[in-house]
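Trainee: Questions regarding the structure given below will be posed in turn.
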Amino acid sequence: MEPRNNLSYFVLSGLKKNPKEQKALFVMFLVFCILIVLGNFLIIITVTVSKTLNSPVHVFLASLAFMDVTYSSTTCRLISDFFFAWGWRDTSFESCMTQLFAEHIFAGSGVFLLLVMAYDRYVAICKPLHYLVIMRQKVCVVLLVVSWVGGCLHSVIQLCTVYGLPFCVPNIIDHYRCDMYPLLKLICTDTYVSDLLVAFNGGLICTLGFLLLLISYRVILHSLKNLSQEGRQNALQTCGSHITVVVCFFVSYIFMAARPAKTFPID
């Protein structure tokens with residue numbers, strides 16, 4: 001293949017083979033996107049308007065909902081563009097890099113924010129008398145800023161990994177959006193170092209974050225022995241929704257990120 005350092009566009013060809021499947025998947029994805037966006041907007045509006053939902057956990061929840069809306073909107077826009085094109089779709093190099101940056105900054109910030117929310121639950125359950133002192137407003141702002149900075153750093157590293165590398169023709173991406181593994185497949189030079197950076201920056205960070213969350217909940221569950229039956233139930237109800245989100249988010253993200261740096265047909 002011929003290297004192209006000045007590549008101006010990519011061709012997205014994912015899910016182009018069966019028009020009937022395209023229409024069915026478009027309807028399914030559209031329903032999911034509408035539910036995700038409306039549900040998260042409802043959380044943001046409720047937390048913003050309500051005078052009683054002003055504790056740190058509700059602020060973190062609204063921030064997580066905002067990240068989810070922005071991340072999902074990016075993905076939903078890409079899917080809708082593809083299905084309206086009903087097949088092959090061109091996207092400029094700059095647009096592809098912008099999509100890549102947006103996807104990773106919101107997903108990465110979500111990882112760090114889930115860790116922050118786990119810490120908040122740890123303080124609330126294990127140190128309830130000191131909760132308002134430890135989780136004061138300045139601390140919450142710092143934790144939110146750290147989450148965004150961590151997501152931005154993760155996204156910048158991912159972007160820099162592929163931005164300056166030479167791409168080859170044909171410049172066809174077998175995917176419905178720009179993503180790391182399909183892009184690495186088009187690189188003309190040896191991608192061993194790039195593969196390691198992607199695996200370390202994505203998979204290892206996500207896996208370590210998941211392990212830290214498991215450890216934090218292990219400590220929380222151990223501390224429940226000292227609580228009354230009613231206190232245990234309240235604590236489990238408080239953590240139940242967060243645990244559900246953590247499992248759904250991290251299991252799927254680890255499946256995508258913590259694996260060999262190659263594109264599989266199932267993608």
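Going through the structure tokens in order, the chains are called A, B, and so on, while each chain numbers its residues from 1 and the ligands are numbered from 1 in the order shown.
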Give me, as a PyMOL selection string, all polymer residues having an atom no more than 10 Å from region 202-211 of chain A, counting only C-alpha atoms and skipping those fewer than 2 positions away in the same chain.
Mentor: chain A and resi 104+108+111-112+114-115+154-155+157-158+196-200+213-217+246-247+249-251+253-260
Trainee: With N, CA, C and O atoms retained, could you export that selection as a compact mmCIF listing (two decimals), in the first residue's frame?
Mentor:
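Final file, part_33.txt:
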```txt
# COMPACT_ATOMS: atom_id res chain seq x y z
N HIS A 104 -13.07 10.04 23.38
CA HIS A 104 -12.18 9.62 24.47
C HIS A 104 -12.18 10.58 25.65
O HIS A 104 -11.99 10.15 26.79
N GLY A 108 -13.23 8.92 28.99
CA GLY A 108 -12.19 8.93 30.01
C GLY A 108 -12.61 9.71 31.25
O GLY A 108 -12.35 9.28 32.39
N VAL A 111 -14.81 7.61 33.40
CA VAL A 111 -14.08 6.63 34.22
C VAL A 111 -13.62 7.28 35.53
O VAL A 111 -13.83 6.75 36.62
N PHE A 112 -12.98 8.44 35.42
CA PHE A 112 -12.46 9.11 36.61
C PHE A 112 -13.60 9.59 37.52
O PHE A 112 -13.47 9.56 38.75
N LEU A 114 -16.52 8.15 37.92
CA LEU A 114 -17.04 6.99 38.64
C LEU A 114 -16.15 6.64 39.83
O LEU A 114 -16.64 6.21 40.88
N LEU A 115 -14.85 6.83 39.68
CA LEU A 115 -13.93 6.64 40.82
C LEU A 115 -14.20 7.68 41.91
O LEU A 115 -14.20 7.36 43.10
N HIS A 154 -6.06 11.67 28.82
CA HIS A 154 -6.24 10.37 28.15
C HIS A 154 -6.55 10.57 26.66
O HIS A 154 -5.97 9.90 25.80
N SER A 155 -7.42 11.52 26.35
CA SER A 155 -7.80 11.75 24.96
C SER A 155 -6.66 12.32 24.14
O SER A 155 -6.46 11.94 22.97
N ILE A 157 -3.45 11.86 24.62
CA ILE A 157 -2.48 10.79 24.36
C ILE A 157 -2.96 9.89 23.23
O ILE A 157 -2.20 9.52 22.33
N GLN A 158 -4.26 9.54 23.25
CA GLN A 158 -4.80 8.71 22.18
C GLN A 158 -4.70 9.41 20.83
O GLN A 158 -4.34 8.80 19.82
N LEU A 196 1.21 -0.49 21.97
CA LEU A 196 1.48 -0.51 23.41
C LEU A 196 0.90 0.73 24.10
O LEU A 196 0.33 0.63 25.20
N LEU A 197 1.04 1.90 23.46
CA LEU A 197 0.50 3.12 24.05
C LEU A 197 -1.02 3.07 24.16
O LEU A 197 -1.60 3.47 25.18
N VAL A 198 -1.66 2.55 23.12
CA VAL A 198 -3.13 2.43 23.15
C VAL A 198 -3.57 1.46 24.24
O VAL A 198 -4.50 1.74 25.01
N ALA A 199 -2.89 0.31 24.32
CA ALA A 199 -3.26 -0.69 25.34
C ALA A 199 -3.02 -0.15 26.75
O ALA A 199 -3.83 -0.36 27.65
N PHE A 200 -1.90 0.57 26.93
CA PHE A 200 -1.59 1.11 28.26
C PHE A 200 -2.54 2.24 28.63
O PHE A 200 -3.10 2.27 29.72
N LEU A 213 -12.17 0.41 42.09
CA LEU A 213 -13.58 0.45 42.47
C LEU A 213 -13.97 -0.81 43.24
O LEU A 213 -14.70 -0.73 44.24
N LEU A 214 -13.49 -1.95 42.80
CA LEU A 214 -13.78 -3.19 43.52
C LEU A 214 -13.20 -3.16 44.93
O LEU A 214 -13.85 -3.59 45.89
N ILE A 215 -11.98 -2.63 45.06
CA ILE A 215 -11.36 -2.52 46.39
C ILE A 215 -12.15 -1.57 47.28
O ILE A 215 -12.39 -1.87 48.47
N SER A 216 -12.58 -0.44 46.72
CA SER A 216 -13.35 0.52 47.53
C SER A 216 -14.65 -0.09 48.03
O SER A 216 -15.05 0.11 49.19
N TYR A 217 -15.32 -0.86 47.17
CA TYR A 217 -16.57 -1.48 47.60
C TYR A 217 -16.33 -2.66 48.54
O TYR A 217 -17.19 -2.99 49.35
N VAL A 246 -21.28 0.96 37.24
CA VAL A 246 -19.86 0.60 37.16
C VAL A 246 -19.67 -0.70 36.38
O VAL A 246 -18.82 -0.80 35.49
N VAL A 247 -20.47 -1.70 36.70
CA VAL A 247 -20.34 -3.00 36.04
C VAL A 247 -20.65 -2.88 34.55
O VAL A 247 -19.88 -3.35 33.69
N PHE A 249 -20.63 -0.22 32.61
CA PHE A 249 -19.69 0.66 31.91
C PHE A 249 -18.33 0.00 31.76
O PHE A 249 -17.78 -0.07 30.65
N PHE A 250 -17.77 -0.51 32.85
CA PHE A 250 -16.40 -1.00 32.81
C PHE A 250 -16.27 -2.33 32.09
O PHE A 250 -15.26 -2.57 31.42
N VAL A 251 -17.24 -3.21 32.23
CA VAL A 251 -17.15 -4.50 31.54
C VAL A 251 -17.12 -4.29 30.03
O VAL A 251 -16.29 -4.88 29.32
N TYR A 253 -16.30 -1.46 28.46
CA TYR A 253 -15.14 -0.66 28.09
C TYR A 253 -13.86 -1.50 28.11
O TYR A 253 -12.99 -1.35 27.25
N ILE A 254 -13.74 -2.38 29.11
CA ILE A 254 -12.57 -3.26 29.17
C ILE A 254 -12.56 -4.20 27.98
O ILE A 254 -11.51 -4.50 27.39
N PHE A 255 -13.74 -4.67 27.56
CA PHE A 255 -13.82 -5.54 26.38
C PHE A 255 -13.30 -4.83 25.14
O PHE A 255 -12.65 -5.44 24.28
N MET A 256 -13.55 -3.52 25.04
CA MET A 256 -13.11 -2.77 23.87
C MET A 256 -11.65 -2.34 23.97
O MET A 256 -10.94 -2.31 22.96
N ALA A 257 -11.18 -2.00 25.17
CA ALA A 257 -9.87 -1.38 25.30
C ALA A 257 -8.76 -2.36 25.72
O ALA A 257 -7.65 -2.29 25.20
N ALA A 258 -9.04 -3.24 26.65
CA ALA A 258 -8.01 -4.13 27.20
C ALA A 258 -7.97 -5.43 26.40
O ALA A 258 -8.39 -6.48 26.86
N ARG A 259 -7.43 -5.35 25.21
CA ARG A 259 -7.34 -6.51 24.32
C ARG A 259 -6.21 -6.26 23.34
O ARG A 259 -5.69 -5.15 23.27
N PRO A 260 -5.80 -7.26 22.56
CA PRO A 260 -4.75 -7.04 21.56
C PRO A 260 -5.15 -5.94 20.59
O PRO A 260 -6.31 -5.81 20.23
```
Trainee: Within 6 Å of Pro182 (chain A), counting only C-alpha atoms, which residues show up once you throw out same-chain ones fewer than 3 positions away? Write them as a list in words, please.
Mentor: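 Answer for this query is Ile173, Asp179 and Lys185 of chain A.
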Trainee: Could you pull out the alpha helix (DSSP H) residues of region 120-198 of chain A, going by DSSP on the backbone, and write them as a compact mmCIF listing (two decimals) with all heavy atoms, in the first residue's frame?
Mentor:
```txt
# COMPACT_ATOMS: atom_id res chain seq x y z
N ASP A 120 -16.78 9.14 47.17
CA ASP A 120 -17.86 9.85 47.88
C ASP A 120 -18.70 8.88 48.69
O ASP A 120 -19.05 9.15 49.84
CB ASP A 120 -18.73 10.58 46.87
CG ASP A 120 -19.93 11.24 47.51
OD1 ASP A 120 -19.78 12.33 48.08
OD2 ASP A 120 -21.03 10.64 47.46
N ARG A 121 -19.03 7.72 48.11
CA ARG A 121 -19.83 6.72 48.83
C ARG A 121 -19.03 6.12 49.99
O ARG A 121 -19.60 5.81 51.04
CB ARG A 121 -20.27 5.61 47.88
CG ARG A 121 -21.26 6.03 46.81
CD ARG A 121 -22.55 6.59 47.42
NE ARG A 121 -22.43 8.00 47.77
CZ ARG A 121 -23.20 8.60 48.66
NH1 ARG A 121 -24.13 7.92 49.30
NH2 ARG A 121 -23.05 9.88 48.94
N TYR A 122 -17.73 5.97 49.80
CA TYR A 122 -16.89 5.45 50.89
C TYR A 122 -16.91 6.40 52.08
O TYR A 122 -17.07 5.98 53.23
CB TYR A 122 -15.45 5.26 50.38
CG TYR A 122 -14.43 5.15 51.49
CD1 TYR A 122 -14.30 3.97 52.22
CD2 TYR A 122 -13.62 6.24 51.82
CE1 TYR A 122 -13.37 3.87 53.25
CE2 TYR A 122 -12.69 6.15 52.84
CZ TYR A 122 -12.57 4.97 53.56
OH TYR A 122 -11.66 4.87 54.58
N VAL A 123 -16.75 7.70 51.82
CA VAL A 123 -16.77 8.68 52.91
C VAL A 123 -18.13 8.72 53.57
O VAL A 123 -18.24 8.79 54.81
CB VAL A 123 -16.38 10.07 52.37
CG1 VAL A 123 -16.49 11.12 53.47
CG2 VAL A 123 -14.97 10.06 51.81
N ALA A 124 -19.21 8.67 52.77
CA ALA A 124 -20.56 8.76 53.31
C ALA A 124 -20.89 7.58 54.21
O ALA A 124 -21.61 7.74 55.22
CB ALA A 124 -21.58 8.85 52.17
N ILE A 125 -20.39 6.40 53.90
CA ILE A 125 -20.75 5.20 54.65
C ILE A 125 -19.75 4.91 55.77
O ILE A 125 -20.14 4.56 56.88
CB ILE A 125 -20.85 3.98 53.71
CG1 ILE A 125 -22.01 4.18 52.74
CG2 ILE A 125 -21.03 2.68 54.48
CD1 ILE A 125 -22.11 3.14 51.66
N CYS A 126 -18.47 5.08 55.48
CA CYS A 126 -17.44 4.73 56.46
C CYS A 126 -17.09 5.88 57.41
O CYS A 126 -16.63 5.64 58.52
CB CYS A 126 -16.17 4.26 55.74
SG CYS A 126 -16.41 2.80 54.70
N TYR A 131 -18.41 13.57 56.87
CA TYR A 131 -18.72 13.65 55.45
C TYR A 131 -18.74 15.09 54.95
O TYR A 131 -18.12 15.43 53.93
CB TYR A 131 -20.06 12.98 55.16
CG TYR A 131 -20.48 13.05 53.71
CD1 TYR A 131 -19.90 12.22 52.76
CD2 TYR A 131 -21.45 13.96 53.28
CE1 TYR A 131 -20.26 12.29 51.43
CE2 TYR A 131 -21.82 14.03 51.95
CZ TYR A 131 -21.22 13.19 51.03
OH TYR A 131 -21.59 13.27 49.71
N LEU A 132 -19.47 15.96 55.65
CA LEU A 132 -19.60 17.35 55.20
C LEU A 132 -18.28 18.10 55.26
O LEU A 132 -18.06 19.06 54.50
CB LEU A 132 -20.65 18.08 56.05
CG LEU A 132 -22.09 17.56 55.90
CD1 LEU A 132 -23.02 18.33 56.82
CD2 LEU A 132 -22.55 17.68 54.45
N VAL A 133 -17.38 17.67 56.16
CA VAL A 133 -16.08 18.32 56.26
C VAL A 133 -15.16 17.85 55.13
O VAL A 133 -14.49 18.65 54.48
CB VAL A 133 -15.43 18.03 57.63
CG1 VAL A 133 -14.03 18.64 57.68
CG2 VAL A 133 -16.29 18.57 58.75
N ILE A 134 -15.15 16.53 54.90
CA ILE A 134 -14.27 15.97 53.86
C ILE A 134 -14.75 16.36 52.47
O ILE A 134 -13.97 16.80 51.62
CB ILE A 134 -14.19 14.44 54.01
CG1 ILE A 134 -13.57 14.06 55.35
CG2 ILE A 134 -13.38 13.83 52.86
CD1 ILE A 134 -13.55 12.57 55.63
N GLN A 137 -17.41 21.89 49.46
CA GLN A 137 -17.60 22.36 48.10
C GLN A 137 -16.30 22.45 47.32
O GLN A 137 -16.21 22.03 46.15
CB GLN A 137 -18.30 23.73 48.10
CG GLN A 137 -18.65 24.24 46.71
CD GLN A 137 -19.41 25.55 46.76
OE1 GLN A 137 -19.57 26.15 47.81
NE2 GLN A 137 -19.88 26.00 45.61
N LYS A 138 -15.25 22.99 47.93
CA LYS A 138 -13.97 23.13 47.23
C LYS A 138 -13.41 21.78 46.82
O LYS A 138 -12.86 21.64 45.72
CB LYS A 138 -12.98 23.88 48.11
CG LYS A 138 -13.30 25.35 48.32
CD LYS A 138 -12.22 26.04 49.13
CE LYS A 138 -12.54 27.53 49.32
NZ LYS A 138 -11.50 28.22 50.12
N VAL A 139 -13.54 20.80 47.69
CA VAL A 139 -13.05 19.46 47.38
C VAL A 139 -13.81 18.87 46.21
O VAL A 139 -13.22 18.26 45.30
CB VAL A 139 -13.16 18.54 48.62
CG1 VAL A 139 -12.78 17.11 48.26
CG2 VAL A 139 -12.27 19.06 49.75
N CYS A 140 -15.13 19.07 46.19
CA CYS A 140 -15.95 18.56 45.09
C CYS A 140 -15.55 19.19 43.76
O CYS A 140 -15.46 18.50 42.74
CB CYS A 140 -17.43 18.81 45.37
SG CYS A 140 -18.08 17.91 46.79
N VAL A 141 -15.30 20.50 43.78
CA VAL A 141 -14.89 21.19 42.55
C VAL A 141 -13.55 20.65 42.07
O VAL A 141 -13.35 20.40 40.87
CB VAL A 141 -14.80 22.71 42.79
CG1 VAL A 141 -14.18 23.41 41.58
CG2 VAL A 141 -16.19 23.27 43.07
N VAL A 142 -12.61 20.46 43.00
CA VAL A 142 -11.30 19.92 42.63
C VAL A 142 -11.43 18.53 42.03
O VAL A 142 -10.79 18.20 41.01
CB VAL A 142 -10.37 19.89 43.86
CG1 VAL A 142 -9.09 19.11 43.55
CG2 VAL A 142 -10.01 21.30 44.30
N LEU A 143 -12.27 17.69 42.62
CA LEU A 143 -12.46 16.32 42.12
C LEU A 143 -13.07 16.33 40.72
O LEU A 143 -12.70 15.53 39.86
CB LEU A 143 -13.34 15.53 43.08
CG LEU A 143 -12.71 15.19 44.44
CD1 LEU A 143 -13.73 14.51 45.35
CD2 LEU A 143 -11.48 14.31 44.27
N LEU A 144 -14.02 17.25 40.49
CA LEU A 144 -14.61 17.36 39.15
C LEU A 144 -13.57 17.82 38.12
O LEU A 144 -13.51 17.29 37.01
CB LEU A 144 -15.79 18.33 39.18
CG LEU A 144 -17.09 17.83 39.81
CD1 LEU A 144 -18.11 18.95 39.87
CD2 LEU A 144 -17.64 16.65 39.03
N VAL A 145 -12.76 18.80 38.50
CA VAL A 145 -11.73 19.30 37.60
C VAL A 145 -10.72 18.19 37.29
O VAL A 145 -10.30 18.01 36.13
CB VAL A 145 -11.02 20.52 38.21
CG1 VAL A 145 -9.80 20.91 37.37
CG2 VAL A 145 -11.98 21.69 38.30
N VAL A 146 -10.33 17.43 38.32
CA VAL A 146 -9.39 16.33 38.12
C VAL A 146 -9.96 15.29 37.16
O VAL A 146 -9.24 14.75 36.30
CB VAL A 146 -9.03 15.68 39.47
CG1 VAL A 146 -8.27 14.37 39.26
CG2 VAL A 146 -8.18 16.64 40.31
N SER A 147 -11.26 15.02 37.27
CA SER A 147 -11.90 14.06 36.37
C SER A 147 -11.82 14.53 34.92
O SER A 147 -11.48 13.76 34.01
CB SER A 147 -13.37 13.86 36.76
OG SER A 147 -13.48 13.34 38.07
N TRP A 148 -12.11 15.81 34.69
CA TRP A 148 -12.06 16.35 33.33
C TRP A 148 -10.63 16.41 32.81
O TRP A 148 -10.38 16.10 31.63
CB TRP A 148 -12.69 17.74 33.28
CG TRP A 148 -14.17 17.71 33.23
CD1 TRP A 148 -15.04 17.95 34.25
CD2 TRP A 148 -14.98 17.41 32.09
NE1 TRP A 148 -16.35 17.81 33.82
CE2 TRP A 148 -16.34 17.49 32.50
CE3 TRP A 148 -14.71 17.09 30.77
CZ2 TRP A 148 -17.41 17.25 31.64
CZ3 TRP A 148 -15.76 16.85 29.89
CH2 TRP A 148 -17.10 16.93 30.33
N VAL A 149 -9.69 16.80 33.67
CA VAL A 149 -8.29 16.86 33.25
C VAL A 149 -7.78 15.46 32.92
O VAL A 149 -7.05 15.27 31.92
CB VAL A 149 -7.42 17.51 34.35
CG1 VAL A 149 -5.94 17.38 34.02
CG2 VAL A 149 -7.79 18.98 34.51
N GLY A 150 -8.15 14.47 33.75
CA GLY A 150 -7.75 13.10 33.47
C GLY A 150 -8.29 12.60 32.15
O GLY A 150 -7.58 11.96 31.36
N GLY A 151 -9.57 12.90 31.86
CA GLY A 151 -10.17 12.50 30.59
C GLY A 151 -9.51 13.21 29.42
O GLY A 151 -9.28 12.61 28.36
N CYS A 152 -9.18 14.49 29.60
CA CYS A 152 -8.52 15.26 28.53
C CYS A 152 -7.13 14.72 28.25
O CYS A 152 -6.73 14.57 27.09
CB CYS A 152 -8.45 16.74 28.94
SG CYS A 152 -7.76 17.81 27.66
N LEU A 153 -6.38 14.40 29.31
CA LEU A 153 -5.05 13.85 29.14
C LEU A 153 -5.10 12.51 28.41
O LEU A 153 -4.31 12.23 27.51
CB LEU A 153 -4.38 13.69 30.50
CG LEU A 153 -2.93 13.16 30.50
CD1 LEU A 153 -2.02 14.11 29.74
CD2 LEU A 153 -2.44 12.97 31.93
N HIS A 154 -6.06 11.67 28.82
CA HIS A 154 -6.24 10.37 28.15
C HIS A 154 -6.55 10.57 26.66
O HIS A 154 -5.97 9.90 25.80
CB HIS A 154 -7.38 9.62 28.83
CG HIS A 154 -7.97 8.53 28.01
ND1 HIS A 154 -7.33 7.32 27.79
CD2 HIS A 154 -9.15 8.45 27.32
CE1 HIS A 154 -8.08 6.55 27.01
NE2 HIS A 154 -9.19 7.21 26.72
N SER A 155 -7.42 11.52 26.35
CA SER A 155 -7.80 11.75 24.96
C SER A 155 -6.66 12.32 24.14
O SER A 155 -6.46 11.94 22.97
CB SER A 155 -9.01 12.70 24.92
OG SER A 155 -9.48 12.86 23.60
N VAL A 156 -5.88 13.23 24.73
CA VAL A 156 -4.75 13.83 24.02
C VAL A 156 -3.70 12.76 23.68
O VAL A 156 -3.16 12.74 22.56
CB VAL A 156 -4.11 14.96 24.86
CG1 VAL A 156 -2.77 15.37 24.28
CG2 VAL A 156 -5.05 16.16 24.92
N ILE A 157 -3.45 11.86 24.62
CA ILE A 157 -2.48 10.79 24.36
C ILE A 157 -2.96 9.89 23.23
O ILE A 157 -2.20 9.52 22.33
CB ILE A 157 -2.23 9.97 25.64
CG1 ILE A 157 -1.55 10.83 26.70
CG2 ILE A 157 -1.37 8.74 25.33
CD1 ILE A 157 -1.37 10.14 28.04
N GLN A 158 -4.26 9.54 23.25
CA GLN A 158 -4.80 8.71 22.18
C GLN A 158 -4.70 9.41 20.83
O GLN A 158 -4.34 8.80 19.82
CB GLN A 158 -6.28 8.39 22.47
CG GLN A 158 -6.52 7.52 23.71
CD GLN A 158 -6.09 6.08 23.49
OE1 GLN A 158 -4.90 5.77 23.51
NE2 GLN A 158 -7.05 5.19 23.30
N LEU A 159 -5.00 10.70 20.82
CA LEU A 159 -4.96 11.45 19.57
C LEU A 159 -3.53 11.57 19.04
O LEU A 159 -3.28 11.37 17.84
CB LEU A 159 -5.56 12.84 19.78
CG LEU A 159 -5.71 13.72 18.54
CD1 LEU A 159 -6.70 13.10 17.57
CD2 LEU A 159 -6.17 15.12 18.93
N CYS A 160 -2.59 11.86 19.93
CA CYS A 160 -1.19 12.01 19.52
C CYS A 160 -0.60 10.70 19.03
O CYS A 160 0.36 10.69 18.25
CB CYS A 160 -0.35 12.56 20.67
SG CYS A 160 -0.74 14.28 21.12
N THR A 161 -1.16 9.59 19.49
CA THR A 161 -0.64 8.28 19.08
C THR A 161 -0.78 8.06 17.58
O THR A 161 0.08 7.45 16.95
CB THR A 161 -1.39 7.17 19.84
OG1 THR A 161 -1.22 7.36 21.26
CG2 THR A 161 -0.84 5.79 19.47
N VAL A 162 -1.86 8.58 16.98
CA VAL A 162 -2.12 8.31 15.57
C VAL A 162 -2.01 9.55 14.68
O VAL A 162 -1.93 9.42 13.46
CB VAL A 162 -3.54 7.70 15.37
CG1 VAL A 162 -3.65 6.38 16.09
CG2 VAL A 162 -4.62 8.66 15.85
N TYR A 163 -1.99 10.73 15.28
CA TYR A 163 -2.11 11.96 14.47
C TYR A 163 -0.95 12.12 13.49
O TYR A 163 -1.15 12.48 12.34
CB TYR A 163 -2.19 13.17 15.39
CG TYR A 163 -2.51 14.45 14.65
CD1 TYR A 163 -3.83 14.77 14.33
CD2 TYR A 163 -1.51 15.34 14.26
CE1 TYR A 163 -4.14 15.93 13.64
CE2 TYR A 163 -1.81 16.50 13.57
CZ TYR A 163 -3.12 16.79 13.27
OH TYR A 163 -3.42 17.94 12.58
N MET A 180 -9.74 3.96 17.43
CA MET A 180 -8.32 3.71 17.46
C MET A 180 -7.90 2.49 16.64
O MET A 180 -7.01 2.57 15.80
CB MET A 180 -7.85 3.55 18.91
CG MET A 180 -7.86 4.83 19.71
SD MET A 180 -6.80 6.13 19.02
CE MET A 180 -5.20 5.33 19.09
N TYR A 181 -8.52 1.35 16.89
CA TYR A 181 -8.07 0.12 16.24
C TYR A 181 -8.28 0.13 14.72
O TYR A 181 -7.38 -0.27 13.97
CB TYR A 181 -8.76 -1.08 16.88
CG TYR A 181 -8.32 -1.31 18.30
CD1 TYR A 181 -9.24 -1.25 19.35
CD2 TYR A 181 -7.00 -1.57 18.61
CE1 TYR A 181 -8.84 -1.44 20.67
CE2 TYR A 181 -6.59 -1.77 19.92
CZ TYR A 181 -7.51 -1.71 20.95
OH TYR A 181 -7.11 -1.90 22.24
N PRO A 182 -9.41 0.58 14.21
CA PRO A 182 -9.54 0.69 12.75
C PRO A 182 -8.54 1.65 12.12
O PRO A 182 -8.05 1.42 11.02
CB PRO A 182 -10.98 1.18 12.55
CG PRO A 182 -11.71 0.74 13.76
CD PRO A 182 -10.71 0.85 14.87
N LEU A 183 -8.21 2.75 12.84
CA LEU A 183 -7.23 3.70 12.31
C LEU A 183 -5.82 3.10 12.31
O LEU A 183 -5.06 3.29 11.35
CB LEU A 183 -7.25 4.99 13.14
CG LEU A 183 -8.42 5.94 12.90
CD1 LEU A 183 -8.41 7.07 13.91
CD2 LEU A 183 -8.39 6.49 11.48
N LEU A 184 -5.47 2.38 13.38
CA LEU A 184 -4.15 1.77 13.44
C LEU A 184 -3.95 0.75 12.33
O LEU A 184 -2.83 0.50 11.89
CB LEU A 184 -3.94 1.10 14.81
CG LEU A 184 -3.72 2.05 15.99
CD1 LEU A 184 -3.67 1.26 17.30
CD2 LEU A 184 -2.44 2.84 15.82
N TYR A 192 3.98 -1.17 16.56
CA TYR A 192 4.19 -1.87 17.84
C TYR A 192 4.14 -0.90 19.01
O TYR A 192 3.45 -1.14 20.00
CB TYR A 192 5.54 -2.60 17.81
CG TYR A 192 5.85 -3.33 19.11
CD1 TYR A 192 5.21 -4.53 19.41
CD2 TYR A 192 6.77 -2.82 20.01
CE1 TYR A 192 5.49 -5.20 20.61
CE2 TYR A 192 7.05 -3.46 21.20
CZ TYR A 192 6.41 -4.65 21.50
OH TYR A 192 6.68 -5.31 22.67
N VAL A 193 4.88 0.21 18.89
CA VAL A 193 4.89 1.19 19.99
C VAL A 193 3.52 1.83 20.15
O VAL A 193 3.04 2.03 21.28
CB VAL A 193 5.97 2.27 19.71
CG1 VAL A 193 5.91 3.35 20.80
CG2 VAL A 193 7.35 1.66 19.66
N SER A 194 2.87 2.14 19.05
CA SER A 194 1.53 2.74 19.11
C SER A 194 0.54 1.78 19.75
O SER A 194 -0.32 2.20 20.55
CB SER A 194 1.06 3.11 17.70
OG SER A 194 1.92 4.04 17.10
N ASP A 195 0.64 0.49 19.42
CA ASP A 195 -0.24 -0.50 20.02
C ASP A 195 -0.06 -0.56 21.53
O ASP A 195 -1.03 -0.65 22.29
CB ASP A 195 0.03 -1.89 19.42
CG ASP A 195 -0.36 -1.96 17.95
OD1 ASP A 195 -1.11 -1.07 17.50
OD2 ASP A 195 0.10 -2.89 17.27
N LEU A 196 1.21 -0.49 21.97
CA LEU A 196 1.48 -0.51 23.41
C LEU A 196 0.90 0.73 24.10
O LEU A 196 0.33 0.63 25.20
CB LEU A 196 2.99 -0.59 23.66
CG LEU A 196 3.67 -1.92 23.34
CD1 LEU A 196 5.17 -1.83 23.65
CD2 LEU A 196 3.04 -3.05 24.15
N LEU A 197 1.04 1.90 23.46
CA LEU A 197 0.50 3.12 24.05
C LEU A 197 -1.02 3.07 24.16
O LEU A 197 -1.60 3.47 25.18
CB LEU A 197 0.91 4.33 23.19
CG LEU A 197 2.36 4.79 23.31
CD1 LEU A 197 2.64 5.89 22.30
CD2 LEU A 197 2.66 5.27 24.73
N VAL A 198 -1.66 2.55 23.12
CA VAL A 198 -3.13 2.43 23.15
C VAL A 198 -3.57 1.46 24.24
O VAL A 198 -4.50 1.74 25.01
CB VAL A 198 -3.65 1.98 21.77
CG1 VAL A 198 -5.13 1.64 21.85
CG2 VAL A 198 -3.42 3.06 20.74
```
Trainee: Identify all residues of region 18-157 of chain A in strand (DSSP E) (DSSP on the backbone) and supply them as an NGL selection string.
Mentor: :A and (89-92)
